[in-house]
Amino acid sequence: MNETALFRVRAEIDLAALRANVRALRARARGAAFMAVVKADAYGHGMVPCARAAVDAGAEWLGTATPQEALALRAAGLPGRIMCWLWTPGGPWREGVEADLDMSVSALWALREVTAAARDAGRTARVQLKADTGLGRNGCMPDDWPELITEALRAEAEGTIKVTGLWSHFACADEPGHPSIAAQLTVFREMVAYAEERGVRPEVRHIANSPATLTLPETHFDLVRPGIAMYGVSPSPEIGTPQEFGLRPVMTVAASLAHVKRAPGGHGVSYGHHYTTPGETTLGLVPAGYGDGIPRHASGSGPVLVGGKWRTVAGRIAMDQFVVDLGGDEPEVGSEAVLFGPGDRGEPTAEDWAQAAGTIAYEIVTRIGSRVPRVYVNDASM
């Protein structure tokens with residue numbers, strides 16, 4: 001990372017890596033369309049720049065959780081198909097219809113609201129029906145599916161909606177061999193068959209998330225929906241590393257040391273003195289904390305690369321800063337402290353921080369806060 005002295009802390013986003021990841025994932029699902037999932041500000045990477053890079057690399061669809069995210073993509077000028085799936089009663093259905101979004105419906109209340117919005121707008125709404133095949137979150141239960149299909153077909157006959165997709169989501173695709181995978185796939189095929197036998201003609205049928213895209217080709221159907229894998233993070237260490245899948249982490253987070261000082265043995269460090277120096281040493285202050293999304297649960301264990309060496313967070317991570325024990329080394333103030341990145345310079349990865357914090361790498365990258373500036377490199381549009 002260059003010019004780090006200009007930044008307290010920053011997240012460098014390598015859009016060339018993202019484009020390469022999209023191409024690598026598309027190669028694993030030849031014959032299926034590609035939906036680039038850019039929800040939650042593209043897992044913390046920046047929704048609009050990442051969406052544009054994914055489309056440049058061949059993504060035919062964009063996927064978001066909330067309609068507000070999808071509408072923001074449209075407002076930024078993103079063309080093509082955009083799907084959103086997390087709706088609540090009274091949601092901006094009419095705005096979604098007018099923006100030509102593909103809107104997910106899991107229950108009769110949602111179907112009725114989107115149908116009313118389509119009538120008000122005088123346009124046909126694009127709707128995707130979601131089946132709960134065993135995840136137990138959003139989605140229509142199998143027993144309720146016939147009624148939803150019947151009413152959807154009635155609305156389609158009126159011209160108020162067009163059913164563009166049938167879809168579902170896995171619970172345990174990141175756990176190789178988990179019995180729920182085959183069970184969900186069976187239920188999905190049955191629910192799709194029921195809908196199609198009664199006249200639904202979807203453009204796409206889809207269930208494959210990142211781990212299914214990477215390891216379960218029988219789940220690819222007409223479209224795959226990679227999320228975390230697109231950003232070069234493995235969905236689970238158990239199924240393989242990014243390198244094994246030909247992926248490269250897109251985000252690097254680094255800070256400039258704000259202070260370096262000598263400290264005697266027995267000196268307490270940070271709140272609660274959960275760390276005391278074992279002997280005379282040097283301490284480096286990293287000006288980033290849980291207010292920036294650095295997980296407090298990694299206090300005493302989070303790894304940082306300073307001066308070519310791995311250091312460990314000394315004591316508690318505070319809101320705006322934390323300390324590393326430099327073991328007597330005295331780097332210049334302003335020297336780079338790399339929290340995580342691709343790992344090819346010896347720096348920790350997001351997975352290393354996940355292990356330190358007892359969480360998953362998804363959370364590490366997604367939680368990096370808005371006061372950490374994103375700096376985009378290798379932007380093909382510039």
# chains A, B, ... in the order shown; residues from 1 in each chain; ligands from 1

call {"tool": "residues_around", "arguments": {"residues": "A:Gln321", "least_positions_apart": "4", "cutoff": "6 Å", "atoms": "only C-alpha atoms", "output": "mmCIF file with N, CA, C and O atoms, in the first residue's frame"}}
result
data_model
loop_
_atom_site.group_PDB
_atom_site.id
_atom_site.type_symbol
_atom_site.label_atom_id
_atom_site.label_comp_id
_atom_site.auth_asym_id
_atom_site.auth_seq_id
_atom_site.Cartn_x
_atom_site.Cartn_y
_atom_site.Cartn_z
ATOM 1 N N VAL A 286 -1.492 1.600 17.230
ATOM 2 C CA VAL A 286 -2.202 1.497 15.957
ATOM 3 C C VAL A 286 -3.503 2.286 16.093
ATOM 4 O O VAL A 286 -4.344 1.961 16.942
ATOM 5 N N PRO A 287 -3.709 3.341 15.304
ATOM 6 C CA PRO A 287 -4.857 4.226 15.495
ATOM 7 C C PRO A 287 -6.129 3.714 14.816
ATOM 8 O O PRO A 287 -6.731 4.368 13.963
ATOM 9 N N ALA A 288 -6.557 2.547 15.229
ATOM 10 C CA ALA A 288 -7.809 1.947 14.737
ATOM 11 C C ALA A 288 -8.368 1.080 15.856
ATOM 12 O O ALA A 288 -7.605 0.475 16.628
ATOM 13 N N GLY A 289 -9.689 1.030 15.947
ATOM 14 C CA GLY A 289 -10.293 0.252 17.027
ATOM 15 C C GLY A 289 -11.667 -0.251 16.646
ATOM 16 O O GLY A 289 -12.041 -0.268 15.472
#

call {"tool": "residues_around", "arguments": {"residues": "A:Arg19", "least_positions_apart": "6", "cutoff": "6 Å", "atoms": "only C-alpha atoms", "output": "VMD selection string"}}
result
chain A and resid 53 to 54 57

call {"tool": "closest_residue", "arguments": {"among": "A:Leu285, A:Ala27, A:Leu73, A:Ala155", "to": "A:Met47", "atoms": "only C-alpha atoms"}}
result
A:Leu73

call {"tool": "residues_around", "arguments": {"residues": "stretch 297-303 of chain A", "least_positions_apart": "6", "cutoff": "8 Å", "atoms": "only C-alpha atoms", "output": "ChimeraX atom specification"}}
result
/A:275,310-317,339,348,352-353,356-358

call {"tool": "closest_residue", "arguments": {"among": "A:Glu95, A:Glu196, A:Glu218, A:Asp379", "to": "A:Arg123", "atoms": "only C-alpha atoms"}}
result
A:Glu95

call {"tool": "residues_around", "arguments": {"residues": "A:Arg74", "least_positions_apart": "6", "cutoff": "10 Å", "atoms": "only C-alpha atoms", "output": "list of chain:residue names"}}
result
A:Val48, A:Gln68, A:Gly80, A:Arg81, A:Ile82, A:Gly96, A:Ala99, A:Asp100, A:Leu101

call {"tool": "write_last_selection", "arguments": {"atoms": "all heavy atoms", "output": "PDB file, in the first residue's frame"}}
result
ATOM      1  N   VAL A  48     -21.099   0.283  -4.979  1.00  0.00           N
ATOM      2  CA  VAL A  48     -21.156   0.733  -6.373  1.00  0.00           C
ATOM      3  C   VAL A  48     -19.871   0.409  -7.136  1.00  0.00           C
ATOM      4  O   VAL A  48     -19.936  -0.164  -8.236  1.00  0.00           O
ATOM      5  CB  VAL A  48     -21.516   2.226  -6.443  1.00  0.00           C
ATOM      6  CG1 VAL A  48     -21.363   2.757  -7.865  1.00  0.00           C
ATOM      7  CG2 VAL A  48     -22.949   2.437  -5.955  1.00  0.00           C
ATOM      8  N   GLN A  68     -33.568  -0.885  -0.607  1.00  0.00           N
ATOM      9  CA  GLN A  68     -32.832   0.386  -0.591  1.00  0.00           C
ATOM     10  C   GLN A  68     -31.469   0.235  -1.263  1.00  0.00           C
ATOM     11  O   GLN A  68     -31.010   1.130  -1.984  1.00  0.00           O
ATOM     12  CB  GLN A  68     -32.678   0.893   0.847  1.00  0.00           C
ATOM     13  CG  GLN A  68     -33.975   1.388   1.479  1.00  0.00           C
ATOM     14  CD  GLN A  68     -34.895   0.264   1.962  1.00  0.00           C
ATOM     15  OE1 GLN A  68     -34.474  -0.894   2.090  1.00  0.00           O
ATOM     16  NE2 GLN A  68     -36.144   0.602   2.255  1.00  0.00           N
ATOM     17  N   GLY A  80     -29.186  -3.298 -16.218  1.00  0.00           N
ATOM     18  CA  GLY A  80     -29.328  -4.745 -16.157  1.00  0.00           C
ATOM     19  C   GLY A  80     -30.185  -5.213 -15.002  1.00  0.00           C
ATOM     20  O   GLY A  80     -30.924  -4.463 -14.372  1.00  0.00           O
ATOM     21  N   ARG A  81     -30.059  -6.488 -14.700  1.00  0.00           N
ATOM     22  CA  ARG A  81     -30.917  -7.135 -13.723  1.00  0.00           C
ATOM     23  C   ARG A  81     -30.371  -6.960 -12.313  1.00  0.00           C
ATOM     24  O   ARG A  81     -29.201  -7.247 -12.042  1.00  0.00           O
ATOM     25  CB  ARG A  81     -31.054  -8.632 -14.053  1.00  0.00           C
ATOM     26  CG  ARG A  81     -31.576  -8.906 -15.457  1.00  0.00           C
ATOM     27  CD  ARG A  81     -32.964  -8.336 -15.709  1.00  0.00           C
ATOM     28  NE  ARG A  81     -33.995  -9.090 -15.041  1.00  0.00           N
ATOM     29  CZ  ARG A  81     -34.590 -10.162 -15.591  1.00  0.00           C
ATOM     30  NH1 ARG A  81     -34.240 -10.602 -16.784  1.00  0.00           N
ATOM     31  NH2 ARG A  81     -35.551 -10.789 -14.919  1.00  0.00           N
ATOM     32  N   ILE A  82     -31.237  -6.502 -11.430  1.00  0.00           N
ATOM     33  CA  ILE A  82     -30.895  -6.331 -10.018  1.00  0.00           C
ATOM     34  C   ILE A  82     -31.993  -6.988  -9.201  1.00  0.00           C
ATOM     35  O   ILE A  82     -33.176  -6.662  -9.350  1.00  0.00           O
ATOM     36  CB  ILE A  82     -30.778  -4.853  -9.624  1.00  0.00           C
ATOM     37  CG1 ILE A  82     -29.699  -4.154 -10.476  1.00  0.00           C
ATOM     38  CG2 ILE A  82     -30.456  -4.716  -8.142  1.00  0.00           C
ATOM     39  CD1 ILE A  82     -29.585  -2.665 -10.216  1.00  0.00           C
ATOM     40  N   GLY A  96     -39.667  -0.157  -6.434  1.00  0.00           N
ATOM     41  CA  GLY A  96     -39.019  -1.330  -6.998  1.00  0.00           C
ATOM     42  C   GLY A  96     -39.560  -1.696  -8.367  1.00  0.00           C
ATOM     43  O   GLY A  96     -38.814  -2.062  -9.281  1.00  0.00           O
ATOM     44  N   ALA A  99     -38.327   0.798 -10.899  1.00  0.00           N
ATOM     45  CA  ALA A  99     -36.895   0.665 -11.158  1.00  0.00           C
ATOM     46  C   ALA A  99     -36.550  -0.641 -11.849  1.00  0.00           C
ATOM     47  O   ALA A  99     -35.368  -0.942 -12.062  1.00  0.00           O
ATOM     48  CB  ALA A  99     -36.117   0.775  -9.849  1.00  0.00           C
ATOM     49  N   ASP A 100     -37.572  -1.417 -12.213  1.00  0.00           N
ATOM     50  CA  ASP A 100     -37.364  -2.709 -12.888  1.00  0.00           C
ATOM     51  C   ASP A 100     -36.496  -3.649 -12.071  1.00  0.00           C
ATOM     52  O   ASP A 100     -35.626  -4.344 -12.603  1.00  0.00           O
ATOM     53  CB  ASP A 100     -36.759  -2.513 -14.283  1.00  0.00           C
ATOM     54  CG  ASP A 100     -37.769  -1.933 -15.260  1.00  0.00           C
ATOM     55  OD1 ASP A 100     -38.960  -2.283 -15.161  1.00  0.00           O
ATOM     56  OD2 ASP A 100     -37.368  -1.128 -16.117  1.00  0.00           O
ATOM     57  N   LEU A 101     -36.733  -3.694 -10.769  1.00  0.00           N
ATOM     58  CA  LEU A 101     -36.046  -4.648  -9.919  1.00  0.00           C
ATOM     59  C   LEU A 101     -36.730  -6.008 -10.007  1.00  0.00           C
ATOM     60  O   LEU A 101     -37.927  -6.105 -10.269  1.00  0.00           O
ATOM     61  CB  LEU A 101     -36.057  -4.182  -8.460  1.00  0.00           C
ATOM     62  CG  LEU A 101     -35.469  -2.806  -8.158  1.00  0.00           C
ATOM     63  CD1 LEU A 101     -35.551  -2.533  -6.659  1.00  0.00           C
ATOM     64  CD2 LEU A 101     -34.030  -2.687  -8.657  1.00  0.00           C
TER      65      LEU A 101
END

call {"tool": "closest_atom_pairs", "arguments": {"of": "stretch 337-378 of chain A", "to": "stretch 232-254 of chain A", "cutoff": "8 Å", "atoms": "only C-alpha atoms", "output": "tab-separated table"}}
result
residue	atom	partner	partner_atom	distance
A:Ala337	CA	A:Ala254	CA	5.5
A:Val338	CA	A:Ala254	CA	4.2
A:Leu339	CA	A:Ala254	CA	5.5
A:Phe340	CA	A:Val253	CA	5.5
A:Gly341	CA	A:Thr252	CA	4.0
A:Pro342	CA	A:Pro249	CA	4.9
A:Ala350	CA	A:Val233	CA	7.7
A:Glu351	CA	A:Val233	CA	7.9
A:Ala361	CA	A:Val233	CA	7.1
A:Tyr362	CA	A:Val233	CA	7.6
A:Val365	CA	A:Met251	CA	7.6

call {"tool": "write_last_selection", "arguments": {"atoms": "all heavy atoms", "output": "PDB file, in the first residue's frame"}}
result
ATOM      1  N   ALA A 337       1.286  -0.500   9.519  1.00  0.00           N
ATOM      2  CA  ALA A 337       0.842  -1.668  10.293  1.00  0.00           C
ATOM      3  C   ALA A 337      -0.286  -2.310   9.493  1.00  0.00           C
ATOM      4  O   ALA A 337      -1.363  -1.726   9.348  1.00  0.00           O
ATOM      5  CB  ALA A 337       0.342  -1.238  11.666  1.00  0.00           C
ATOM      6  N   VAL A 338      -0.029  -3.493   8.938  1.00  0.00           N
ATOM      7  CA  VAL A 338      -1.022  -4.159   8.094  1.00  0.00           C
ATOM      8  C   VAL A 338      -1.811  -5.135   8.958  1.00  0.00           C
ATOM      9  O   VAL A 338      -1.260  -6.081   9.516  1.00  0.00           O
ATOM     10  CB  VAL A 338      -0.353  -4.901   6.922  1.00  0.00           C
ATOM     11  CG1 VAL A 338      -1.424  -5.518   6.015  1.00  0.00           C
ATOM     12  CG2 VAL A 338       0.539  -3.971   6.117  1.00  0.00           C
ATOM     13  N   LEU A 339      -3.107  -4.881   9.052  1.00  0.00           N
ATOM     14  CA  LEU A 339      -3.956  -5.765   9.851  1.00  0.00           C
ATOM     15  C   LEU A 339      -4.278  -7.036   9.078  1.00  0.00           C
ATOM     16  O   LEU A 339      -4.136  -8.133   9.600  1.00  0.00           O
ATOM     17  CB  LEU A 339      -5.234  -5.043  10.274  1.00  0.00           C
ATOM     18  CG  LEU A 339      -5.096  -4.098  11.472  1.00  0.00           C
ATOM     19  CD1 LEU A 339      -4.293  -2.868  11.131  1.00  0.00           C
ATOM     20  CD2 LEU A 339      -6.473  -3.717  12.010  1.00  0.00           C
ATOM     21  N   PHE A 340      -4.743  -6.875   7.853  1.00  0.00           N
ATOM     22  CA  PHE A 340      -4.963  -8.058   7.024  1.00  0.00           C
ATOM     23  C   PHE A 340      -4.965  -7.676   5.550  1.00  0.00           C
ATOM     24  O   PHE A 340      -5.167  -6.524   5.182  1.00  0.00           O
ATOM     25  CB  PHE A 340      -6.242  -8.805   7.398  1.00  0.00           C
ATOM     26  CG  PHE A 340      -7.530  -8.028   7.241  1.00  0.00           C
ATOM     27  CD1 PHE A 340      -8.179  -7.954   6.023  1.00  0.00           C
ATOM     28  CD2 PHE A 340      -8.105  -7.398   8.330  1.00  0.00           C
ATOM     29  CE1 PHE A 340      -9.367  -7.259   5.884  1.00  0.00           C
ATOM     30  CE2 PHE A 340      -9.304  -6.699   8.207  1.00  0.00           C
ATOM     31  CZ  PHE A 340      -9.939  -6.625   6.974  1.00  0.00           C
ATOM     32  N   GLY A 341      -4.702  -8.686   4.736  1.00  0.00           N
ATOM     33  CA  GLY A 341      -4.661  -8.515   3.289  1.00  0.00           C
ATOM     34  C   GLY A 341      -4.631  -9.869   2.622  1.00  0.00           C
ATOM     35  O   GLY A 341      -5.008 -10.882   3.228  1.00  0.00           O
ATOM     36  N   PRO A 342      -4.149  -9.953   1.376  1.00  0.00           N
ATOM     37  CA  PRO A 342      -4.112 -11.240   0.689  1.00  0.00           C
ATOM     38  C   PRO A 342      -3.177 -12.266   1.323  1.00  0.00           C
ATOM     39  O   PRO A 342      -3.347 -13.468   1.142  1.00  0.00           O
ATOM     40  CB  PRO A 342      -3.636 -10.873  -0.724  1.00  0.00           C
ATOM     41  CG  PRO A 342      -3.978  -9.437  -0.882  1.00  0.00           C
ATOM     42  CD  PRO A 342      -3.811  -8.839   0.491  1.00  0.00           C
ATOM     43  N   ALA A 350      -7.873 -11.996   6.522  1.00  0.00           N
ATOM     44  CA  ALA A 350      -9.137 -11.853   7.248  1.00  0.00           C
ATOM     45  C   ALA A 350      -9.461 -13.131   8.009  1.00  0.00           C
ATOM     46  O   ALA A 350     -10.033 -13.085   9.102  1.00  0.00           O
ATOM     47  CB  ALA A 350     -10.260 -11.513   6.269  1.00  0.00           C
ATOM     48  N   GLU A 351      -9.091 -14.276   7.451  1.00  0.00           N
ATOM     49  CA  GLU A 351      -9.336 -15.538   8.147  1.00  0.00           C
ATOM     50  C   GLU A 351      -8.526 -15.616   9.433  1.00  0.00           C
ATOM     51  O   GLU A 351      -9.000 -16.139  10.455  1.00  0.00           O
ATOM     52  CB  GLU A 351      -9.001 -16.718   7.236  1.00  0.00           C
ATOM     53  CG  GLU A 351      -9.266 -18.087   7.844  1.00  0.00           C
ATOM     54  CD  GLU A 351     -10.724 -18.295   8.239  1.00  0.00           C
ATOM     55  OE1 GLU A 351     -11.627 -17.880   7.489  1.00  0.00           O
ATOM     56  OE2 GLU A 351     -10.962 -18.879   9.322  1.00  0.00           O
ATOM     57  N   ALA A 361     -14.768 -15.034   8.615  1.00  0.00           N
ATOM     58  CA  ALA A 361     -14.112 -13.981   7.841  1.00  0.00           C
ATOM     59  C   ALA A 361     -15.116 -13.031   7.202  1.00  0.00           C
ATOM     60  O   ALA A 361     -14.803 -11.859   6.965  1.00  0.00           O
ATOM     61  CB  ALA A 361     -13.201 -14.594   6.783  1.00  0.00           C
ATOM     62  N   TYR A 362     -16.340 -13.519   6.907  1.00  0.00           N
ATOM     63  CA  TYR A 362     -17.391 -12.634   6.415  1.00  0.00           C
ATOM     64  C   TYR A 362     -17.516 -11.401   7.322  1.00  0.00           C
ATOM     65  O   TYR A 362     -17.639 -10.266   6.855  1.00  0.00           O
ATOM     66  CB  TYR A 362     -18.754 -13.320   6.459  1.00  0.00           C
ATOM     67  CG  TYR A 362     -19.033 -14.511   5.605  1.00  0.00           C
ATOM     68  CD1 TYR A 362     -18.409 -15.729   5.816  1.00  0.00           C
ATOM     69  CD2 TYR A 362     -20.014 -14.435   4.618  1.00  0.00           C
ATOM     70  CE1 TYR A 362     -18.739 -16.839   5.064  1.00  0.00           C
ATOM     71  CE2 TYR A 362     -20.359 -15.541   3.861  1.00  0.00           C
ATOM     72  CZ  TYR A 362     -19.715 -16.750   4.081  1.00  0.00           C
ATOM     73  OH  TYR A 362     -20.046 -17.843   3.339  1.00  0.00           O
ATOM     74  N   VAL A 365     -14.460  -8.618   7.243  1.00  0.00           N
ATOM     75  CA  VAL A 365     -14.430  -7.620   6.172  1.00  0.00           C
ATOM     76  C   VAL A 365     -15.682  -6.748   6.186  1.00  0.00           C
ATOM     77  O   VAL A 365     -15.616  -5.536   5.932  1.00  0.00           O
ATOM     78  CB  VAL A 365     -14.243  -8.286   4.792  1.00  0.00           C
ATOM     79  CG1 VAL A 365     -12.863  -8.924   4.705  1.00  0.00           C
ATOM     80  CG2 VAL A 365     -15.318  -9.314   4.480  1.00  0.00           C
TER      81      VAL A 365
END

call {"tool": "closest_residue", "arguments": {"among": "A:Ala229, A:Ile360, A:Leu257, A:Leu129", "to": "A:Arg201", "atoms": "only C-alpha atoms"}}
result
A:Leu129

call {"tool": "residues_around", "arguments": {"residues": "A:Arg28", "least_positions_apart": "4", "cutoff": "12 Å", "atoms": "only C-alpha atoms", "output": "list in words"}}
result
Asn21, Val22, Arg23, Ala24, Ala32, Ala33, Phe34, Ala208, Ser210, Pro211, Ala212, Thr213, Leu214, Thr215, Leu216, Pro217, Glu218, Thr219, His220, Leu223, Val224, Pro226, Phe245, Gly246 and Leu247 of chain A

call {"tool": "select_by_dssp", "arguments": {"residues": "stretch 10-221 of chain A", "states": "alpha helix (DSSP H)", "output": "PyMOL selection string"}}
result
chain A and resi 15-28+39-43+47-56+67-75+93-98+108-121+145-158+179-197+210-215

call {"tool": "closest_residue", "arguments": {"among": "A:Arg296, A:Arg367, A:Arg126, A:Arg119", "to": "A:Glu203", "atoms": "only C-alpha atoms"}}
result
A:Arg126

call {"tool": "closest_residue", "arguments": {"among": "A:Ala72, A:Ala183, A:Val260, A:Ala318", "to": "A:Glu330", "atoms": "only C-alpha atoms"}}
result
A:Val260

call {"tool": "closest_residue", "arguments": {"among": "A:Leu135, A:Leu15, A:Met141, A:Leu153", "to": "A:Glu197", "atoms": "only C-alpha atoms"}}
result
A:Leu153

call {"tool": "atom_distance", "arguments": {"atom1": "atom CA of A:Pro142", "atom2": "atom CA of A:Gly90"}}
result
25.2 Å

call {"tool": "atom_distance", "arguments": {"atom1": "atom CA of A:Ala17", "atom2": "atom CA of A:His45"}}
result
12.2 Å

call {"tool": "select_by_dssp", "arguments": {"residues": "stretch 13-225 of chain A", "states": "strand (DSSP E or B)", "output": "number ranges by chain"}}
result
A: 13-14, 33-37, 61-64, 81-84, 102-105, 125-131, 140, 161-167, 204-206, 208, 223-224

call {"tool": "residues_around", "arguments": {"residues": "A:Gly165", "least_positions_apart": "6", "cutoff": "10 Å", "atoms": "only C-alpha atoms", "output": "JSON, numbers by chain"}}
result
{"A": [102, 103, 104, 126, 127, 128, 129, 130, 192, 200, 201, 202, 203, 204, 205, 206, 222, 223]}

call {"tool": "residues_around", "arguments": {"residues": "A:Trp145", "least_positions_apart": "3", "cutoff": "9 Å", "atoms": "only C-alpha atoms", "output": "list of chain:residue names"}}
result
A:Ala107, A:Ala131, A:Cys140, A:Met141, A:Pro142, A:Leu148, A:Ile149, A:Thr150, A:Met191, A:Tyr194, A:Ala195

call {"tool": "write_last_selection", "arguments": {"atoms": "C-alpha atoms", "output": "tab-separated table (two decimals), in the first residue's frame"}}
result
chain	number	residue	atom	x	y	z
A	107	ALA	CA	-45.49	-15.16	1.32
A	131	ALA	CA	-38.94	-21.50	-1.35
A	140	CYS	CA	-42.36	-20.11	1.53
A	141	MET	CA	-42.82	-23.41	3.35
A	142	PRO	CA	-43.67	-26.43	1.17
A	148	LEU	CA	-48.57	-18.98	-3.31
A	149	ILE	CA	-48.17	-20.52	-6.76
A	150	THR	CA	-51.90	-20.33	-7.44
A	191	MET	CA	-41.05	-27.31	-5.35
A	194	TYR	CA	-44.70	-28.32	-8.76
A	195	ALA	CA	-44.59	-24.69	-9.91

call {"tool": "decode", "arguments": {"residues": "stretch 105-146 of chain A", "atoms": "C-alpha atoms", "output": "PDB file, in the first residue's frame"}}
result
ATOM      1  CA  VAL A 105     -41.664 -12.890  -2.592  1.00  0.00           C
ATOM      2  CA  SER A 106     -41.891 -15.495   0.168  1.00  0.00           C
ATOM      3  CA  ALA A 107     -45.492 -15.164   1.325  1.00  0.00           C
ATOM      4  CA  LEU A 108     -48.970 -14.081   0.270  1.00  0.00           C
ATOM      5  CA  TRP A 109     -48.732 -10.720   2.066  1.00  0.00           C
ATOM      6  CA  ALA A 110     -45.718  -9.783  -0.049  1.00  0.00           C
ATOM      7  CA  LEU A 111     -47.286 -11.014  -3.268  1.00  0.00           C
ATOM      8  CA  ARG A 112     -50.384  -8.929  -2.556  1.00  0.00           C
ATOM      9  CA  GLU A 113     -48.349  -5.813  -1.775  1.00  0.00           C
ATOM     10  CA  VAL A 114     -46.227  -6.052  -4.904  1.00  0.00           C
ATOM     11  CA  THR A 115     -49.300  -6.778  -7.012  1.00  0.00           C
ATOM     12  CA  ALA A 116     -51.035  -3.665  -5.650  1.00  0.00           C
ATOM     13  CA  ALA A 117     -47.924  -1.607  -6.327  1.00  0.00           C
ATOM     14  CA  ALA A 118     -47.780  -2.873  -9.898  1.00  0.00           C
ATOM     15  CA  ARG A 119     -51.412  -1.891 -10.476  1.00  0.00           C
ATOM     16  CA  ASP A 120     -50.755   1.580  -9.062  1.00  0.00           C
ATOM     17  CA  ALA A 121     -47.699   1.994 -11.268  1.00  0.00           C
ATOM     18  CA  GLY A 122     -49.447   0.637 -14.333  1.00  0.00           C
ATOM     19  CA  ARG A 123     -46.522  -1.707 -14.948  1.00  0.00           C
ATOM     20  CA  THR A 124     -45.733  -5.388 -14.643  1.00  0.00           C
ATOM     21  CA  ALA A 125     -43.647  -6.291 -11.598  1.00  0.00           C
ATOM     22  CA  ARG A 126     -40.823  -8.785 -11.880  1.00  0.00           C
ATOM     23  CA  VAL A 127     -41.172 -11.283  -9.046  1.00  0.00           C
ATOM     24  CA  GLN A 128     -39.068 -14.220  -7.864  1.00  0.00           C
ATOM     25  CA  LEU A 129     -40.725 -16.749  -5.594  1.00  0.00           C
ATOM     26  CA  LYS A 130     -38.526 -18.015  -2.763  1.00  0.00           C
ATOM     27  CA  ALA A 131     -38.938 -21.504  -1.347  1.00  0.00           C
ATOM     28  CA  ASP A 132     -37.941 -22.448   2.199  1.00  0.00           C
ATOM     29  CA  THR A 133     -36.302 -25.793   1.481  1.00  0.00           C
ATOM     30  CA  GLY A 134     -34.913 -26.198   4.975  1.00  0.00           C
ATOM     31  CA  LEU A 135     -33.023 -23.061   6.035  1.00  0.00           C
ATOM     32  CA  GLY A 136     -35.935 -21.863   8.168  1.00  0.00           C
ATOM     33  CA  ARG A 137     -35.494 -18.160   7.497  1.00  0.00           C
ATOM     34  CA  ASN A 138     -37.256 -16.336   4.675  1.00  0.00           C
ATOM     35  CA  GLY A 139     -39.043 -18.348   2.005  1.00  0.00           C
ATOM     36  CA  CYS A 140     -42.363 -20.109   1.534  1.00  0.00           C
ATOM     37  CA  MET A 141     -42.817 -23.415   3.346  1.00  0.00           C
ATOM     38  CA  PRO A 142     -43.666 -26.433   1.165  1.00  0.00           C
ATOM     39  CA  ASP A 143     -47.167 -26.714   2.653  1.00  0.00           C
ATOM     40  CA  ASP A 144     -47.895 -23.085   1.718  1.00  0.00           C
ATOM     41  CA  TRP A 145     -46.302 -23.285  -1.734  1.00  0.00           C
ATOM     42  CA  PRO A 146     -49.446 -24.398  -3.658  1.00  0.00           C
TER      43      PRO A 146
END
